[in-house]
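Here's the structure we're looking at; comments come further down.
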Amino acid sequence: MKHLSEEELILVYYEEPDAPAMAQSHLSECAECRAAAGSLARELGFFDEWNAPAKGEDFGRDAWNRLAPALDSGREVGPGWRPVRIWAAMAGFAILLVAVFLAGRLSRPALPPVIAGLSDQARERILAIAVADHLDRVETLLTEISHDDSNAPDVFAADRERAEDLAQEGQLMKQSLALHGETATTGFLDDVDRFLIEAAHTPDRVGEKEIAELRQRIDSGSLLFKVRIVESNLRNEERKL
Amino acid sequence: MNDGNYGDAAAVERARNGDRDAFRVLVERHASAVFRLAYRMTLNETDAEDMVQETFLRAWSEMRRFDGRASFGTWLHRICANRTVDFLRSRKRWQGPAMPDTDREYDPFRNLASAAPSPEREAQSAQTGAMLEPALAALSEVERAAFTMRHYEGLAIDDVAAALGVQPGAARHSIFRAVRKLRRALEPVGSGLP
């Protein structure tokens, strides 16, 4: 008799439609699997007892009071809240890293002591980290565009905004790489940027056709695969440095 | 607009046309649920509150694109899950793995449900309670997000996949890995479980 695997038991526990059809009848006949299912249920049951901190009845009203000023201005918020446009924040950090690199290249005599103390190797490592992280974010975006099953325009709107942020970030990366003489990586980032700009300029009411075309662009140029390879190479370079 | 007089559908319709008062109704109605989801994913109260704000800011800017195919609550949860996964990825990269709140004394029992009055139950909760939040914190951000949505939010795996922007198979395996890790974390007290 073939017993149910843990994965099959999890599907049964959550009553997922793709749980094996024979699971229930097997459980009624097999004491071993019944015990395993009971053990799984007990252990997961402990997590039922774990809750988020309770919020008072005023939480919704407080949330609105803090949110309301931000609705018009887009990003201004009241005290106690930390507005974060995640992708923009990460881009900002990348820009800072690249600025450190550029500072070393362009204005060495006027560098602050901390930056001036960085060796060329340290700056090269910073650049490798910044570009690899940029490609990591690009990879996430490409993966999401490629694999979102919904084709929902409202979901794609977020992707469009991220593509725009990443395209801007990519411009800085290319400038820094060009200064460093990394023409091959710069050329590759040109390819990535063309896709990002295309994604960023899709219409507000993007339809399934436009999303399918973007996916076709990703697939036809093996863009996702190339991004992973270049990122991996940069990580290796970073480790060597 | 009186909160009690409008269902989500009516409030959403008005908010889609720029009615801030209607949107206020939606924020007040859904903020706690969005917070719970965000907290379970971030394990940090301040971050979760940020995610509440991020979620509703995004929802407001995207209201006209909300097509009503899913319920408004599901749509919000999807926005929240996406924003929070992005946030967790960025935090992991720059600040290390997720940790419980550090701006207050850490109490592993603080988030345990209180409806467990029997002494045996309390003893058991005390034994396992200390392990729950650290066990959840040890999951990867995607595993914790997937587990949270499946276990606490009751979303089907296909819906979890849609929220995370991954294929259903990937979401399923994230849940499998999460459950496996969580069970392993409970092993030290496993023999004491009833």
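In the structure tokens, chains take the letters A, B, ... in the order shown, each chain's residues start at 1, and ligands count up from 1 in the order shown.
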Rows by chain and residue number, chain B within 7 Å of chain A, shortest pair, only C-alpha atoms, as JSON lines:
```
{"residue": "B:Arg24", "atom": "CA", "partner": "A:Trp64", "partner_atom": "CA", "distance": 6.2}
{"residue": "B:Val27", "atom": "CA", "partner": "A:Trp64", "partner_atom": "CA", "distance": 6.2}
{"residue": "B:Glu28", "atom": "CA", "partner": "A:Gly60", "partner_atom": "CA", "distance": 3.8}
{"residue": "B:Arg29", "atom": "CA", "partner": "A:Gly60", "partner_atom": "CA", "distance": 6.5}
{"residue": "B:Ala31", "atom": "CA", "partner": "A:Gly60", "partner_atom": "CA", "distance": 5.2}
{"residue": "B:Ser32", "atom": "CA", "partner": "A:Gly60", "partner_atom": "CA", "distance": 6.5}
{"residue": "B:Arg36", "atom": "CA", "partner": "A:Ala52", "partner_atom": "CA", "distance": 5.5}
{"residue": "B:Tyr39", "atom": "CA", "partner": "A:Ala52", "partner_atom": "CA", "distance": 6.0}
{"residue": "B:Arg40", "atom": "CA", "partner": "A:Ala52", "partner_atom": "CA", "distance": 6.3}
{"residue": "B:Asp50", "atom": "CA", "partner": "A:Arg82", "partner_atom": "CA", "distance": 6.0}
{"residue": "B:Gln53", "atom": "CA", "partner": "A:Leu67", "partner_atom": "CA", "distance": 6.4}
{"residue": "B:Leu57", "atom": "CA", "partner": "A:Leu71", "partner_atom": "CA", "distance": 6.6}
{"residue": "B:Glu62", "atom": "CA", "partner": "A:Asp154", "partner_atom": "CA", "distance": 6.7}
{"residue": "B:Arg65", "atom": "CA", "partner": "A:Asp154", "partner_atom": "CA", "distance": 5.3}
{"residue": "B:Phe66", "atom": "CA", "partner": "A:Asp154", "partner_atom": "CA", "distance": 6.2}
{"residue": "B:Asp86", "atom": "CA", "partner": "A:Ile86", "partner_atom": "CA", "distance": 6.9}
{"residue": "B:Phe87", "atom": "CA", "partner": "A:Ile86", "partner_atom": "CA", "distance": 6.1}
{"residue": "B:Asn111", "atom": "CA", "partner": "A:Asn51", "partner_atom": "CA", "distance": 4.9}
{"residue": "B:Leu112", "atom": "CA", "partner": "A:Trp50", "partner_atom": "CA", "distance": 4.5}
{"residue": "B:Ala113", "atom": "CA", "partner": "A:Glu49", "partner_atom": "CA", "distance": 4.9}
{"residue": "B:Leu132", "atom": "CA", "partner": "A:Phe47", "partner_atom": "CA", "distance": 6.7}
{"residue": "B:Ala156", "atom": "CA", "partner": "A:Glu16", "partner_atom": "CA", "distance": 6.9}
{"residue": "B:Ala162", "atom": "CA", "partner": "A:Asp148", "partner_atom": "CA", "distance": 6.3}
{"residue": "B:Gly165", "atom": "CA", "partner": "A:Asp148", "partner_atom": "CA", "distance": 4.7}
{"residue": "B:Val166", "atom": "CA", "partner": "A:His147", "partner_atom": "CA", "distance": 5.4}
{"residue": "B:Gln167", "atom": "CA", "partner": "A:His147", "partner_atom": "CA", "distance": 5.9}
{"residue": "B:Phe176", "atom": "CA", "partner": "A:Glu7", "partner_atom": "CA", "distance": 6.2}
{"residue": "B:Arg183", "atom": "CA", "partner": "A:Glu43", "partner_atom": "CA", "distance": 6.6}
```
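One finds atom CA of B:His77 at 14.3 Å from atom CA of B:Asp158.
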Notebook entry, point to check: Can you tell me how far atom CA of A:Ile197 sits from atom CA of B:Ser61, in Å to one decimal?
Noted result: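 Interatomic distance, atom CA of A:Ile197 to atom CA of B:Ser61: 21.4 Å.
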Next item on the list: Find the residues around B:Arg177 up to 9 Å (only C-alpha atoms counted), leave out those fewer than 5 positions away in its own chain, and share them as a PyMOL selection string.
Entry: chain B and resi 139+143+172+182
Check: Do you know which residues are at most 10 Å from B:His173 counting only C-alpha atoms, after dropping those on the same chain fewer than 5 positions away, and could you put them as a list in words?
Finding: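 So the residues in contact are Glu7 of chain A; Glu143, Ala146, Ile157, Pro168, Ala178 and Val179 of chain B.
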Margin query: Please report the interatomic distance between atom CA of B:Val25 and atom CA of B:Ala163 in Å with one decimal.
Written below: 24.0 Å
Next item on the list: Among the residues of stretch 142-184 of chain B, find those DSSP assigns to alpha helix (DSSP H) from the backbone and print them as a VMD selection string.
Entry: chain B and resid 142 to 147 157 to 164 168 to 184
Next item on the list: Can you pull out every residue within 9 Å of stretch 213-217 of chain A, counting only C-alpha atoms, but drop anything in the same chain fewer than 3 positions away, and send it as a PyMOL selection string?
Entry: chain A and resi 142+145-147+195+198-199+208-210+220-223
Item checked: Test item: residues at most 10 Å from B:Val85, only C-alpha atoms, excluding those fewer than 6 positions along its chain, as a list in words ->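 Residues meeting the cut-off are Ala38, Met41, Thr42, Ile79, Arg91, Glu141, Val142, Arg144, Ala145, Ala146, Ala163 and Leu164 of chain B.
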